[in-house]
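protein_7.cif (mmCIF, C-alpha atoms and all ligand atoms) appears below.
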```cif
data_run
loop_
_atom_site.label_atom_id
_atom_site.label_comp_id
_atom_site.auth_asym_id
_atom_site.auth_seq_id
_atom_site.Cartn_x
_atom_site.Cartn_y
_atom_site.Cartn_z
CA MET A 159 0.00 0.00 0.00
CA ARG A 160 1.40 3.32 -0.97
CA LYS A 161 1.23 6.09 1.56
CA ILE A 162 1.05 9.77 0.75
CA TRP A 163 1.48 12.49 3.32
CA ILE A 164 0.28 15.99 2.71
CA GLY A 165 1.24 18.72 5.15
CA LEU A 166 -1.48 21.19 6.01
CA SER A 167 -1.92 23.87 8.59
CA LEU A 168 -5.39 23.00 9.83
CA LEU A 169 -7.51 24.54 12.49
CA ALA A 170 -10.19 21.90 12.48
CA MET A 171 -9.45 18.83 14.55
CA VAL A 172 -10.57 15.54 13.14
CA ALA A 173 -10.86 12.33 15.08
CA LEU A 174 -8.02 9.89 14.57
CA PRO A 175 -8.64 6.56 12.94
CA ALA A 176 -8.52 3.69 15.34
CA CYS A 177 -5.10 2.55 14.16
CA LEU A 178 -3.53 5.82 15.27
CA GLN A 179 -5.53 6.58 18.38
CA SER A 180 -3.32 4.72 20.80
CA THR A 181 -0.33 6.88 20.03
CA ALA A 182 -2.34 10.09 19.88
CA ALA A 183 -3.83 9.37 23.26
CA THR A 184 -0.40 9.66 24.81
CA ALA A 185 0.41 12.93 23.13
CA ASP A 186 0.54 16.18 25.01
CA ALA A 187 -2.21 18.70 24.63
CA THR A 188 -0.42 20.76 22.01
CA THR A 189 0.25 17.89 19.66
CA THR A 190 -1.98 18.10 16.66
CA GLN A 191 -4.04 15.33 15.25
CA ASP A 192 -3.59 13.41 12.08
CA THR A 193 -6.24 12.27 9.72
CA THR A 194 -6.10 9.55 7.17
CA ALA A 195 -8.13 8.61 4.18
CA VAL A 196 -7.84 5.53 2.03
CA ASP A 197 -8.79 5.87 -1.61
CA ALA A 198 -10.06 3.17 -3.94
CA ALA A 199 -6.51 2.30 -5.01
CA GLY A 200 -5.50 1.70 -1.45
CA ASP A 201 -3.37 4.82 -1.19
CA VAL A 202 -3.33 6.31 2.26
CA THR A 203 -3.31 10.07 2.51
CA VAL A 204 -2.30 11.55 5.83
CA THR A 205 -2.68 15.19 6.67
CA TRP A 206 -1.21 16.77 9.74
CA GLN A 207 -0.92 19.83 11.81
CA THR A 208 2.32 20.95 13.26
CA ASP A 209 2.97 21.39 16.92
CA PRO A 210 4.07 25.03 17.11
CA THR A 211 6.68 24.10 19.67
CA ASN A 212 8.32 21.80 17.16
CA THR A 213 7.82 23.89 14.03
CA PRO A 214 11.17 24.23 12.24
CA LYS A 215 12.36 27.81 11.80
CA SER A 216 15.34 29.29 9.99
CA VAL A 217 15.72 26.11 7.93
CA HIS A 218 18.78 26.14 5.72
CA MET A 219 21.25 23.82 4.01
CA THR A 220 25.04 23.69 3.82
CA TRP A 221 27.62 21.07 2.94
CA GLN A 222 30.00 19.53 5.44
CA HIS A 223 31.21 16.78 3.12
CA ASP A 224 31.06 15.85 -0.55
CA PRO A 225 28.24 17.82 -2.21
CA ALA A 226 27.82 14.96 -4.69
CA THR A 227 26.59 12.60 -2.01
CA SER A 228 25.57 14.62 1.04
CA VAL A 229 23.81 17.70 2.29
CA THR A 230 23.41 19.15 5.77
CA VAL A 231 20.11 20.60 6.95
CA GLN A 232 19.85 22.90 9.97
CA TRP A 233 17.02 24.64 11.79
CA THR A 234 15.82 25.81 15.16
CA THR A 235 12.63 25.34 17.13
CA ALA A 236 10.84 26.85 20.08
CA ALA A 237 11.47 23.48 21.70
CA THR A 238 14.91 23.54 23.31
CA ASP A 239 14.99 20.19 25.11
CA LEU A 240 17.80 18.18 23.58
CA ALA A 241 16.40 14.97 25.01
CA GLY A 242 12.82 15.66 24.00
CA TYR A 243 13.25 16.34 20.30
CA THR A 244 14.94 14.21 17.68
CA PRO A 245 15.79 16.18 14.53
CA LYS A 246 14.93 14.24 11.41
CA VAL A 247 14.95 14.89 7.70
CA TRP A 248 12.63 12.97 5.41
CA PHE A 249 13.85 12.95 1.83
CA ASP A 250 13.19 11.52 -1.60
CA THR A 251 14.29 12.19 -5.13
CA ALA A 252 12.35 14.79 -7.04
CA ALA A 253 11.90 12.17 -9.74
CA ASN A 254 9.93 10.04 -7.31
CA ALA A 255 8.23 12.69 -5.28
CA GLY A 256 7.78 15.61 -7.66
CA THR A 257 9.60 18.88 -7.31
CA ASP A 258 6.96 20.01 -4.83
CA GLY A 259 7.28 16.77 -2.85
CA ALA A 260 3.57 16.07 -3.22
CA LYS A 261 4.27 12.39 -3.87
CA MET A 262 6.82 11.88 -1.11
CA THR A 263 6.52 8.38 0.26
CA TYR A 264 7.91 7.29 3.56
CA SER A 265 10.51 4.69 4.16
CA ALA A 266 12.80 4.35 7.10
CA ALA A 267 15.78 4.40 4.76
CA ALA A 268 14.72 7.79 3.51
CA THR A 269 14.95 9.51 6.85
CA ALA A 270 18.05 10.75 8.58
CA THR A 271 18.48 11.66 12.22
CA GLY A 272 20.77 14.29 13.64
CA THR A 273 21.63 16.14 16.78
CA GLY A 274 20.97 19.40 18.56
CA GLU A 275 23.56 21.76 19.90
CA TYR A 276 23.42 24.92 21.95
CA TYR A 277 25.35 27.99 21.06
CA TYR A 278 25.85 31.19 22.99
CA GLN A 279 26.02 34.90 22.33
CA SER A 280 29.65 35.41 23.10
CA LEU A 281 32.76 36.89 21.61
CA VAL A 282 34.69 33.66 21.99
CA ALA A 283 34.05 30.01 21.27
CA ASP A 284 33.16 27.72 24.17
CA ASP A 285 32.02 30.59 26.40
CA THR A 286 28.62 29.49 27.69
CA SER A 287 27.89 32.56 29.79
CA GLY A 288 25.82 34.43 27.23
CA ALA A 289 22.27 34.00 25.98
CA LYS A 290 21.67 30.41 24.87
CA TYR A 291 20.24 29.27 21.52
CA LEU A 292 19.84 25.97 19.76
CA THR A 293 20.46 24.54 16.29
CA TRP A 294 19.31 21.14 15.07
CA THR A 295 21.59 19.58 12.47
CA VAL A 296 20.95 16.58 10.23
CA GLU A 297 23.37 15.46 7.55
CA LEU A 298 22.08 13.30 4.71
CA THR A 299 24.74 10.99 3.29
CA GLY A 300 24.85 8.33 0.62
CA LEU A 301 22.91 10.44 -1.85
CA THR A 302 23.16 9.91 -5.59
CA PRO A 303 25.31 12.44 -7.49
CA ASP A 304 23.71 14.87 -9.91
CA THR A 305 20.24 14.23 -8.56
CA ALA A 306 17.46 16.54 -7.46
CA TYR A 307 16.15 15.76 -3.98
CA VAL A 308 13.20 17.03 -2.03
CA LEU A 309 13.15 16.98 1.74
CA ARG A 310 11.27 18.07 4.81
CA ALA A 311 12.96 18.87 8.10
CA GLY A 312 11.59 18.50 11.60
CA THR A 313 10.65 15.64 13.85
CA TRP A 314 7.77 13.39 14.61
CA SER A 315 6.47 12.41 17.93
CA ASP A 316 5.87 8.74 17.24
CA TYR A 317 7.08 6.35 14.67
CA GLN A 318 5.82 2.85 15.13
CA ALA A 319 6.03 -0.19 12.91
CA GLY A 320 6.08 1.76 9.70
CA ALA A 321 3.36 4.15 10.75
CA PHE A 322 4.42 7.76 10.32
CA VAL A 323 2.54 9.49 13.08
CA LYS A 324 2.30 13.11 14.17
CA PRO A 325 5.05 14.60 12.05
CA ASP A 326 6.15 18.13 12.90
CA LEU A 327 7.85 18.98 9.67
CA THR A 328 8.49 22.01 7.56
CA PRO A 329 5.23 22.97 5.84
CA ASN A 330 7.31 23.61 2.74
CA VAL A 331 9.50 21.23 0.80
CA LEU A 332 13.20 22.01 0.44
CA THR A 333 15.06 21.17 -2.73
CA VAL A 334 18.71 20.45 -3.38
CA HIS A 335 20.60 19.18 -6.41
CA THR A 336 23.65 17.08 -5.58
CA ALA A 337 26.88 17.82 -7.41
CA PRO A 338 27.91 15.86 -10.47
CA GLN A 339 30.36 13.06 -9.94
CA LYS A 340 33.88 14.38 -9.65
CA GLY A 341 35.41 14.79 -13.07
CA LYS A 342 32.07 15.09 -14.84
CA ARG A 343 31.71 18.44 -16.53
CA GLN A 344 28.27 19.94 -16.94
CA PRO A 345 26.69 23.38 -16.50
CA ILE A 346 26.67 24.71 -12.95
CA SER A 347 25.21 27.94 -11.68
CA ILE A 348 26.36 29.62 -8.46
CA ILE A 349 25.24 32.89 -6.87
CA LEU A 350 27.77 34.93 -4.91
CA ALA A 351 26.70 37.77 -2.65
CA GLY A 352 27.44 39.36 0.68
CA ASP A 353 26.66 42.20 3.07
CA SER A 354 23.00 42.27 4.03
CA ARG A 355 23.20 44.28 7.23
CA GLY A 356 19.77 45.81 7.73
CA GLY A 357 18.65 44.91 4.24
CA ASN A 358 16.19 42.20 5.20
CA ASP A 359 13.14 44.02 3.82
CA LYS A 360 14.84 44.35 0.46
CA ILE A 361 15.97 40.73 0.55
CA ALA A 362 12.38 39.70 1.17
CA LEU A 363 11.22 41.70 -1.84
CA ASN A 364 13.71 39.88 -4.08
CA ALA A 365 14.08 36.43 -2.54
CA VAL A 366 11.45 34.58 -4.58
CA ARG A 367 12.91 35.93 -7.80
CA LEU A 368 16.45 35.09 -6.72
CA ALA A 369 15.47 31.58 -5.71
CA ALA A 370 13.89 31.07 -9.12
CA ILE A 371 17.28 31.57 -10.78
CA GLY A 372 17.92 28.01 -9.65
CA ALA A 373 21.53 28.24 -8.53
CA ALA A 374 23.09 24.97 -7.39
CA PHE A 375 24.32 26.81 -4.31
CA TRP A 376 25.09 30.23 -2.89
CA VAL A 377 28.32 31.62 -1.52
CA PHE A 378 27.75 34.37 1.04
CA ASN A 379 30.66 36.65 1.85
CA GLY A 380 29.71 37.63 5.39
CA ASP A 381 28.09 40.53 7.24
CA PHE A 382 24.67 38.96 7.49
CA THR A 383 23.44 41.26 10.25
CA ASP A 384 24.48 44.49 11.93
CA PHE A 385 25.44 43.16 15.34
CA SER A 386 24.91 39.40 15.26
CA GLN A 387 22.14 39.28 17.85
CA GLN A 388 19.68 36.44 17.44
CA ASP A 389 16.69 38.61 16.55
CA GLN A 390 18.72 40.03 13.67
CA TRP A 391 19.71 36.54 12.56
CA ASP A 392 16.07 35.47 12.75
CA GLY A 393 15.14 38.37 10.48
CA TRP A 394 17.83 37.41 7.99
CA PHE A 395 16.72 33.78 7.88
CA ASP A 396 13.08 34.84 7.49
CA ALA A 397 13.91 37.13 4.58
CA MET A 398 16.14 34.51 2.94
CA HIS A 399 13.59 31.74 3.36
CA PRO A 400 12.73 31.22 -0.35
CA ILE A 401 16.42 31.08 -1.24
CA LEU A 402 17.44 28.84 1.63
CA ASN A 403 14.67 26.40 0.71
CA THR A 404 16.07 25.82 -2.73
CA ALA A 405 19.86 25.80 -2.43
CA PRO A 406 22.61 25.26 0.13
CA LEU A 407 24.42 28.42 1.21
CA MET A 408 28.14 28.30 1.93
CA PRO A 409 29.22 31.32 4.00
CA VAL A 410 32.36 32.97 5.31
CA GLN A 411 32.67 35.13 8.40
CA GLY A 412 32.50 38.92 8.15
CA ASN A 413 33.43 41.54 10.70
CA HIS A 414 29.75 42.10 11.56
CA GLU A 415 29.54 38.54 12.80
CA VAL A 416 30.30 40.36 16.03
CA PHE A 417 29.64 37.26 18.13
CA PRO A 418 31.37 34.54 16.10
CA PRO A 419 29.74 31.64 17.99
CA MET A 420 26.35 32.95 16.81
CA TYR A 421 27.53 32.50 13.23
CA TYR A 422 29.36 29.20 13.64
CA GLY A 423 26.53 27.86 15.78
CA GLN A 424 24.09 28.26 12.92
CA PHE A 425 26.21 27.07 9.98
CA ALA A 426 27.76 23.61 9.80
CA LEU A 427 30.66 23.79 7.38
CA PRO A 428 33.39 21.45 6.11
CA ILE A 429 36.15 20.50 8.50
CA SER A 430 38.79 20.53 5.80
CA ALA A 431 41.87 18.42 6.39
CA GLY A 432 44.83 20.33 7.71
CA VAL A 433 42.97 23.45 8.80
CA PRO A 434 44.47 24.65 12.11
CA ASP A 435 42.18 23.80 15.02
CA ALA A 436 41.36 27.42 15.73
CA TYR A 437 40.14 27.89 12.16
CA LYS A 438 38.03 24.79 11.60
CA GLU A 439 34.93 25.91 9.68
CA HIS A 440 36.50 29.40 9.43
CA ALA A 441 38.49 28.13 6.46
CA TRP A 442 36.99 25.42 4.29
CA SER A 443 37.01 24.10 0.77
CA MET A 444 34.88 21.85 -1.37
CA ASN A 445 34.58 20.61 -4.95
CA TYR A 446 31.32 20.94 -6.83
CA GLY A 447 31.77 19.33 -10.24
CA ASN A 448 34.87 20.85 -11.79
CA VAL A 449 34.85 23.86 -9.45
CA HIS A 450 36.96 24.15 -6.31
CA VAL A 451 35.59 26.66 -3.83
CA VAL A 452 37.60 27.83 -0.86
CA GLY A 453 36.14 29.97 1.92
CA LEU A 454 38.41 31.96 4.22
CA ASP A 455 38.23 33.91 7.46
CA SER A 456 39.71 37.28 6.56
CA THR A 457 38.63 39.13 9.67
CA SER A 458 42.12 39.80 11.05
CA ALA A 459 45.75 39.84 10.03
CA ALA A 460 46.43 36.99 12.43
CA ALA A 461 43.63 34.91 10.91
CA ALA A 462 44.94 35.49 7.40
CA SER A 463 48.47 34.55 8.42
CA ASP A 464 47.36 31.48 10.37
CA GLN A 465 45.38 30.08 7.42
CA ALA A 466 48.08 30.68 4.82
CA ALA A 467 49.88 27.33 5.11
CA TRP A 468 46.63 25.42 4.79
CA LEU A 469 45.55 27.63 1.87
CA ASP A 470 48.85 26.96 0.14
CA ALA A 471 48.36 23.20 0.43
CA ASP A 472 44.68 23.36 -0.50
CA LEU A 473 45.28 25.41 -3.64
CA ALA A 474 48.23 23.24 -4.64
CA ALA A 475 46.08 20.12 -4.46
CA ALA A 476 43.20 21.74 -6.34
CA ARG A 477 45.43 23.08 -9.10
CA ALA A 478 47.06 19.67 -9.50
CA ASP A 479 43.69 17.91 -9.70
CA PRO A 480 42.82 17.08 -13.34
CA ASP A 481 39.11 17.12 -12.45
CA ILE A 482 39.24 20.74 -11.30
CA ASP A 483 39.14 23.45 -13.95
CA TRP A 484 38.17 26.43 -11.85
CA ILE A 485 39.21 27.74 -8.44
CA ILE A 486 37.11 30.35 -6.68
CA ALA A 487 38.13 31.93 -3.38
CA ALA A 488 35.62 33.67 -1.13
CA MET A 489 36.27 35.98 1.80
CA HIS A 490 34.82 39.05 3.42
CA TYR A 491 37.66 41.57 3.30
CA PRO A 492 38.77 42.45 -0.24
CA ALA A 493 42.36 42.21 -1.34
CA TYR A 494 41.75 45.05 -3.77
CA SER A 495 38.99 47.63 -3.42
CA ALA A 496 38.82 51.23 -4.56
CA CYS A 497 35.74 51.93 -2.47
CA THR A 498 36.17 55.04 -0.36
CA ASN A 499 34.66 53.44 2.76
CA HIS A 500 37.17 50.66 3.43
CA GLY A 501 39.38 49.97 0.42
CA SER A 502 42.03 47.28 0.04
CA THR A 503 43.08 44.98 2.85
CA ALA A 504 46.80 44.84 3.57
CA TRP A 505 46.74 41.50 5.41
CA VAL A 506 44.88 39.78 2.59
CA GLN A 507 47.41 41.14 0.12
CA LYS A 508 50.28 40.02 2.33
CA SER A 509 49.14 36.52 3.32
CA TRP A 510 46.98 35.29 0.47
CA VAL A 511 47.51 37.25 -2.75
CA PRO A 512 50.90 35.58 -3.36
CA LEU A 513 49.10 32.24 -3.15
CA PHE A 514 46.27 33.34 -5.42
CA GLU A 515 48.93 34.32 -7.95
CA LYS A 516 51.06 31.20 -7.37
CA TYR A 517 48.16 28.90 -8.17
CA ASN A 518 46.42 31.18 -10.63
CA VAL A 519 43.16 31.27 -8.70
CA ASP A 520 40.55 32.26 -11.25
CA LEU A 521 38.23 34.42 -9.20
CA VAL A 522 38.62 36.00 -5.77
CA PHE A 523 35.28 37.21 -4.39
CA ALA A 524 34.95 39.49 -1.40
CA GLY A 525 32.47 41.88 0.22
CA HIS A 526 32.86 44.37 3.08
CA ASP A 527 32.70 47.38 0.77
CA HIS A 528 29.08 47.89 -0.28
CA ASP A 529 29.67 48.41 -3.97
CA TYR A 530 30.53 46.33 -7.02
CA GLU A 531 34.04 46.21 -8.44
CA ARG A 532 35.97 43.90 -10.75
CA SER A 533 39.71 44.07 -11.34
CA TRP A 534 41.67 43.27 -14.41
CA PRO A 535 43.57 40.00 -14.18
CA TRP A 536 46.04 41.27 -11.58
CA VAL A 537 49.50 39.84 -10.95
CA ASN A 538 52.43 41.37 -9.10
CA ASN A 539 50.43 44.58 -8.82
CA ASN A 540 50.13 44.88 -12.57
CA LYS A 541 47.51 44.27 -15.20
CA ALA A 542 48.07 40.85 -16.73
CA THR A 543 46.63 38.79 -19.56
CA THR A 544 45.86 35.93 -17.20
CA GLY A 545 45.76 35.71 -13.46
CA PRO A 546 43.42 36.21 -10.53
CA VAL A 547 40.46 38.52 -11.06
CA TYR A 548 39.29 40.23 -7.89
CA VAL A 549 35.60 40.99 -7.43
CA VAL A 550 34.01 43.04 -4.66
CA ALA A 551 30.33 42.11 -4.53
CA GLY A 552 29.41 43.54 -1.16
CA GLY A 553 25.95 44.94 -1.44
CA PHE A 554 23.34 42.30 -0.85
CA TYR A 555 20.86 45.04 0.14
CA ALA A 556 22.96 46.71 2.84
CA ASP A 557 23.12 50.50 2.50
CA GLY A 558 25.45 51.36 -0.37
CA TYR A 559 28.90 52.91 -0.23
CA THR A 560 30.58 55.27 -2.67
CA ASN A 561 32.68 53.39 -5.17
CA GLY A 562 36.04 54.40 -6.59
CA HIS A 563 38.64 53.57 -9.22
CA ASP A 564 42.26 52.55 -8.95
CA ILE A 565 44.92 51.06 -11.19
CA TRP A 566 43.42 47.55 -10.93
CA THR A 567 39.84 48.67 -11.65
CA ALA A 568 38.09 47.26 -14.70
CA VAL A 569 34.51 47.89 -13.53
CA SER A 570 33.23 49.91 -10.59
CA GLU A 571 29.62 50.63 -9.65
CA HIS A 572 28.19 52.68 -6.81
CA GLY A 573 26.84 50.66 -3.93
CA ASN A 574 23.41 52.25 -3.99
CA LYS A 575 22.53 49.81 -6.76
CA SER A 576 23.04 46.75 -4.51
CA ASN A 577 24.42 43.71 -6.27
CA TYR A 578 24.78 39.98 -6.57
CA VAL A 579 26.70 37.81 -9.02
CA VAL A 580 25.31 34.87 -11.00
CA LEU A 581 28.20 32.69 -12.13
CA THR A 582 27.88 29.91 -14.67
CA VAL A 583 30.46 27.21 -15.27
CA ASP A 584 30.10 25.00 -18.30
CA GLY A 585 33.11 22.74 -18.56
CA LYS A 586 36.06 24.86 -19.59
CA LYS A 587 33.96 28.01 -19.93
CA MET A 588 33.14 30.27 -17.03
CA SER A 589 31.10 33.45 -17.13
CA PHE A 590 29.31 35.66 -14.70
CA ILE A 591 26.88 38.55 -14.65
CA ALA A 592 26.68 41.06 -11.82
CA TYR A 593 23.16 42.39 -11.40
CA ASN A 594 21.77 45.36 -9.55
CA GLY A 595 19.66 44.59 -6.53
CA ASP A 596 16.29 44.25 -8.22
CA GLY A 597 17.75 42.37 -11.16
CA THR A 598 16.70 44.95 -13.74
CA ALA A 599 20.19 45.92 -14.86
CA GLN A 600 23.49 44.20 -15.49
CA LEU A 601 26.39 45.93 -13.76
CA ASP A 602 29.04 43.73 -15.34
CA THR A 603 29.55 40.69 -17.54
CA TYR A 604 32.73 38.67 -17.66
CA SER A 605 33.78 35.37 -19.18
CA LEU A 606 36.83 33.14 -19.37
CA THR A 607 37.57 30.03 -21.42
CA LYS A 608 40.32 27.50 -20.79
CA ASN A 609 41.85 25.09 -23.22
FE FE A 701 32.25 44.14 6.61
#
```
Give the structure from the file, written as structure tokens.
Amino acid sequence: MRKIWIGLSLLAMVALPACLQSTAATADATTTQDTTAVDAAGDVTVTWQTDPTNTPKSVHMTWQHDPATSVTVQWTTAATDLAGYTPKVWFDTAANAGTDGAKMTYSAAATATGTGEYYYQSLVADDTSGAKYLTWTVELTGLTPDTAYVLRAGTWSDYQAGAFVKPDLTPNVLTVHTAPQKGKRQPISIILAGDSRGGNDKIALNAVRLAAIGAAFWVFNGDFTDFSQQDQWDGWFDAMHPILNTAPLMPVQGNHEVFPPMYYGQFALPISAGVPDAYKEHAWSMNYGNVHVVGLDSTSAAAASDQAAWLDADLAAARADPDIDWIIAAMHYPAYSACTNHGSTAWVQKSWVPLFEKYNVDLVFAGHDHDYERSWPWVNNNKATTGPVYVVAGGFYADGYTNGHDIWTAVSEHGNKSNYVVLTVDGKKMSFIAYNGDGTAQLDTYSLTKN
């Protein structure tokens, strides 16, 4: 018998069928009731309400391991009892379940269980003296490469003998497309953006449109909020909801992640081999298809210096990998910026630019300055025919800054236009378009082809 579950937010309570009443009878008063109906074909349709205490909020996806075979889902709830809530993700392929998940069918093998962890509003890791918050984290593994999945995050109060009872899941279905198998070259679209600070209303106005672009994933270059307090984070997640439902987002830390544990507590990121202990998740890398992406913590000179040895090894391995055509580096502070608010960053130039040049990193994306700038290929402080291209795309609806021009400047646009970059990789060809905030104008187009 095939079972179909349809999530609804119902006000009307309907009596449970006899087969489910025993479990419902033990539920607390806030647990909602399920209804079932059996059609002529024997399909069972279950509808449910969600216990508000268990309703997932701020749901988002990242990668901790291979994006071809895994994805990590995170959320929070009003419920904060680690022992009383088991985070679960129910998933299926879009081919089976439809892109809206309407035909999702349950099997125990298609659920994954995770853990909850508290984090604290503090300036330093492991300080538990500040306000306490909670993130639930579930990693799906063993997925099929290059496959569209649908999933719902949450929990359920009872699961007995194949009966899927009282689920408290996201009312919406999340979608993710796993990366192609390593070495397989096919079109990939990535969106790069950063610097929201106070721009949540504008994000909300644009999020549905941005989600519809259908990027495989996002890279976010830091400065999500003004001061990193939880209510500001909640506002950011709310505004980003349509985007975060459709693609993983891989972030780096900005200087406005004032309380770093608030940022690291909400984003599970790769623990890349060889990263110094103090910089685990601060510096990470991953391969998606033929693209190597490296994220860096640029928030201090010491951080840049301390990550340099790992970055050297990481870039060397990526550049030597015949499956990798493109290397993209992401960080908050720009190596080169002609913006009059902040400008270039000496410690990034000192610790990392020699490595970007050594390994011919294709694109170096940063934020921090709320404008849009692209450099010429820039090597040894001179315009070159090939070499790293530095992009400042720091205006994901934060208030704009005044742009400028310098010897490296190829394109420069005032920050009052906001910006985001849509990058497409198709085998040996890479191109990107920088758009203004409402997507009505192109600020820049750029393309590169390799032999
Ligand atoms: Fe910043």
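The smallest atom-to-atom distance between Tyr264 in chain A and any of A:Thr251, A:Asn561, A:Thr305, A:Gln507, using all atoms listed in the file, is found for A:Thr251.
Residue nearest Ile429 in chain A, chosen from A:Tyr277, A:Phe417, A:His223, A:Asn212 and counting only C-alpha atoms: A:His223.
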Could you check which residues have any atom within 7 Å of (27.8, 34.9, 24.8), counting all atoms listed in the file with coordinates taken straight from the file, and then list them as a PyMOL selection string? chain A and resi 278-281+285-289
Next, write the just-selected residues to a file, as a PDB file, keeping the file's coordinate frame, keeping C-alpha atoms as the atom set.
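Resulting contents of part_30.pdb:
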```
ATOM      1  CA  TYR A 278      25.850  31.190  22.990  1.00  0.00           C
ATOM      2  CA  GLN A 279      26.020  34.900  22.330  1.00  0.00           C
ATOM      3  CA  SER A 280      29.650  35.410  23.100  1.00  0.00           C
ATOM      4  CA  LEU A 281      32.760  36.890  21.610  1.00  0.00           C
ATOM      5  CA  ASP A 285      32.020  30.590  26.400  1.00  0.00           C
ATOM      6  CA  THR A 286      28.620  29.490  27.690  1.00  0.00           C
ATOM      7  CA  SER A 287      27.890  32.560  29.790  1.00  0.00           C
ATOM      8  CA  GLY A 288      25.820  34.430  27.230  1.00  0.00           C
ATOM      9  CA  ALA A 289      22.270  34.000  25.980  1.00  0.00           C
TER      10      ALA A 289
END
```
Near His526 in chain A, counting only C-alpha atoms, which residues have an atom at most 10 Å away, once you skip same-chain residues fewer than 3 positions from it, shown as a compact mmCIF listing (two decimals) with C-alpha atoms, in the coordinates of the input?
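Result went into selection.txt, see below:
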```txt
# COMPACT_ATOMS: atom_id res chain seq x y z
CA GLY A 352 27.44 39.36 0.68
CA ASP A 353 26.66 42.20 3.07
CA ASN A 379 30.66 36.65 1.85
CA GLY A 380 29.71 37.63 5.39
CA ASP A 381 28.09 40.53 7.24
CA GLY A 412 32.50 38.92 8.15
CA ASN A 413 33.43 41.54 10.70
CA HIS A 414 29.75 42.10 11.56
CA MET A 489 36.27 35.98 1.80
CA HIS A 490 34.82 39.05 3.42
CA TYR A 491 37.66 41.57 3.30
CA PRO A 492 38.77 42.45 -0.24
CA SER A 495 38.99 47.63 -3.42
CA CYS A 497 35.74 51.93 -2.47
CA ASN A 499 34.66 53.44 2.76
CA HIS A 500 37.17 50.66 3.43
CA GLY A 501 39.38 49.97 0.42
CA ASP A 529 29.67 48.41 -3.97
CA VAL A 550 34.01 43.04 -4.66
CA ALA A 551 30.33 42.11 -4.53
CA GLY A 552 29.41 43.54 -1.16
CA GLY A 553 25.95 44.94 -1.44
CA TYR A 559 28.90 52.91 -0.23
```
Quick one: everything within 7 Å of range 216-222 of chain A, counting all atoms listed in the file, minus sequence neighbours fewer than 2 positions away in the same chain. Send it as an MDAnalysis selection string. chainID A and resid 214 225 229:234 392 395:396 402:403 405:408 426:429
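The residue that comes closest to Phe382 in chain A, out of A:Ala476, A:Ala397, A:Leu327, A:Ile349 and on the basis of all atoms listed in the file, is A:Ala397.
The protein and nucleic acid residues lying at most 8 Å from range 594-600 of chain A are Asn364, Phe554, Tyr555, Lys575, Ser576, Asn577 and Tyr578 of chain A, with all atoms listed in the file considered and sequence neighbours fewer than 6 positions away removed.
Nearest residue to Thr544 in chain A among A:Gln388, A:Thr582, A:Thr244, A:Thr607 is A:Thr607, counting only C-alpha atoms.
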